[in-house]
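Chemist: Okay, here's the structure, questions in a sec.
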Amino acid sequence: MDLSLETREGLPEALQVLLREHPREAWEADPQFNGLIAFWLDRHMMFRKLGALLQQESETLLDGKSDARRFAQAVGHYGGMFVNQLHGHHQIEDHHYFPVLATRDKRIEKGFTLLDADHHALDGHLDRFVKSANAAIKGTAEADAKPAAAKFLEASRDMDRLLRRHLDDEEDLIVPVILKYGTEGLG
């Protein structure tokens, strides 16, 4: 079974054991749902919103409803925020949360290896995203900024699709673990 980020459609059944015990629709009502989970889910929502915003800025320029200067400012500001925050978020997960949570339930231990592999896969896509963002910003100085903006939109959509797959799977694995076993050791 191919579980690469680029091809999978969700967590394999074997890794959904705690999700079946703690389905998404019951998370917020669970007595274990706390500030750490809410904060972590808010960070994930921020990444989703930034991805959507960057795509919207590209589409607005391509539709002729915005100017190149505004587009360049938005890509520089929000793209930089997206990349920097995502790197920091993944470092905390890889070096702190994943090692602690992986010990909580042997049935889902391999899920953390999967999530770590996602982070490595996302690095390559993030590199493409950054290069296309830089080219799009540089391209706004040209008479026709649209070709570079179109390439950036394509890279943004690709990054967004893969990141959403990863975030959904990460939430489906991690939130149930915390709901079942608590936040001890997570800080």
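Note on naming: chains are A, B, ... as they come in the structure tokens, residues start from 1 per chain, ligands start from 1 in the order shown.
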Mind checking which residues fall within 9 Å of Lys151 of chain A, counting only C-alpha atoms, ignoring those fewer than 2 positions away in the same chain, and posting them as a compact mmCIF listing (two decimals) with N, CA, C and O atoms, in the first residue's frame?
Modeler:
```txt
# COMPACT_ATOMS: atom_id res chain seq x y z
N SER A 132 8.64 29.59 -6.65
CA SER A 132 7.61 30.18 -7.50
C SER A 132 7.11 31.50 -6.91
O SER A 132 6.78 32.43 -7.65
N ALA A 133 7.07 31.61 -5.57
CA ALA A 133 6.69 32.87 -4.93
C ALA A 133 7.71 33.95 -5.26
O ALA A 133 7.34 35.08 -5.62
N ALA A 135 9.75 34.03 -7.81
CA ALA A 135 9.64 34.34 -9.24
C ALA A 135 8.41 35.21 -9.50
O ALA A 135 8.45 36.12 -10.34
N ALA A 136 7.31 34.95 -8.79
CA ALA A 136 6.09 35.74 -8.98
C ALA A 136 6.30 37.18 -8.52
O ALA A 136 5.87 38.12 -9.19
N LYS A 146 1.40 38.16 -15.17
CA LYS A 146 0.49 37.01 -15.10
C LYS A 146 1.14 35.64 -15.28
O LYS A 146 0.76 34.71 -14.58
N PRO A 147 2.12 35.46 -16.18
CA PRO A 147 2.71 34.12 -16.29
C PRO A 147 3.34 33.63 -14.98
O PRO A 147 3.14 32.48 -14.58
N ALA A 148 4.07 34.50 -14.31
CA ALA A 148 4.70 34.11 -13.04
C ALA A 148 3.63 33.89 -11.96
O ALA A 148 3.74 32.97 -11.14
N ALA A 149 2.58 34.71 -11.99
CA ALA A 149 1.49 34.53 -11.02
C ALA A 149 0.76 33.21 -11.26
O ALA A 149 0.35 32.54 -10.31
N LEU A 153 0.33 30.25 -8.64
CA LEU A 153 -0.98 29.69 -8.31
C LEU A 153 -0.95 28.17 -8.38
O LEU A 153 -1.47 27.49 -7.50
N GLU A 154 -0.31 27.64 -9.41
CA GLU A 154 -0.20 26.18 -9.55
C GLU A 154 0.58 25.58 -8.37
O GLU A 154 0.15 24.59 -7.77
N ALA A 155 1.70 26.20 -8.01
CA ALA A 155 2.49 25.71 -6.87
C ALA A 155 1.71 25.86 -5.57
O ALA A 155 1.79 24.98 -4.69
N SER A 156 0.94 26.93 -5.43
CA SER A 156 0.13 27.15 -4.23
C SER A 156 -0.96 26.10 -4.10
O SER A 156 -1.20 25.59 -3.00
```
Chemist: Segment 16-165 of chain A: which residues are alpha helix (DSSP H) by DSSP, as a PyMOL selection string?
Modeler: chain A and resi 17-21+35-62+68-74+80-92+98-101+109-139+146-165
Chemist: Please determine, counting only C-alpha atoms, which residue among A:Asp158, A:Asp94, A:Glu6, A:Asp144 has the shortest atom-to-atom distance to Ala52 of chain A.
Modeler: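 Among the listed residues, the smallest separation from Ala52 of chain A belongs to A:Asp158.
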Chemist: I want to know what sits within 12 Å of Val75 of chain A, based on only C-alpha atoms, with residues of the same chain fewer than 6 positions away left out; could you give that as a ChimeraX atom specification?
Modeler: /A:50-58,61,68-69,81-83,129-140,148-149,152-153,156
Chemist: Measuring atom to atom with only C-alpha atoms, identify which of A:Lys180, A:Arg161, A:His119, A:His89 is nearest to His44 of chain A.
Modeler: A:His89
Chemist: Using only C-alpha atoms, which of A:Arg128, A:Glu13, A:Pro99, A:Ala26 sits nearest Arg157 of chain A?
Modeler: A:Arg128
Chemist: Please provide as a PyMOL selection string all residues within 12 Å of segment 113-117 of chain A, with the sequence filter that same-chain residues fewer than 5 positions apart are discarded (counting only C-alpha atoms).
Modeler: chain A and resi 2-6+8+10-12+15+90-99+101-102+108+122-124+163+165-174
Chemist: Please report the interatomic distance between atom CA of Trp40 of chain A and atom CA of Gln73 of chain A in Å with one decimal.
Modeler: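 Computing it gives 27.8 Å between the two atoms.
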Chemist: Just give me the gap between atom CA of Trp27 of chain A and atom CA of Glu109 of chain A in Å, one decimal is fine.
Modeler: 21.0 Å
Chemist: Using Å and a single decimal, report how far atom CA of Lys49 of chain A sits from atom CA of Lys65 of chain A.
Modeler: 20.5 Å
Chemist: For Gly185 of chain A, which residue among A:Asp42, A:Arg104, A:Leu86, A:His125 is the nearest when counting only C-alpha atoms?
Modeler: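 The closest residue to Gly185 of chain A is A:Arg104.
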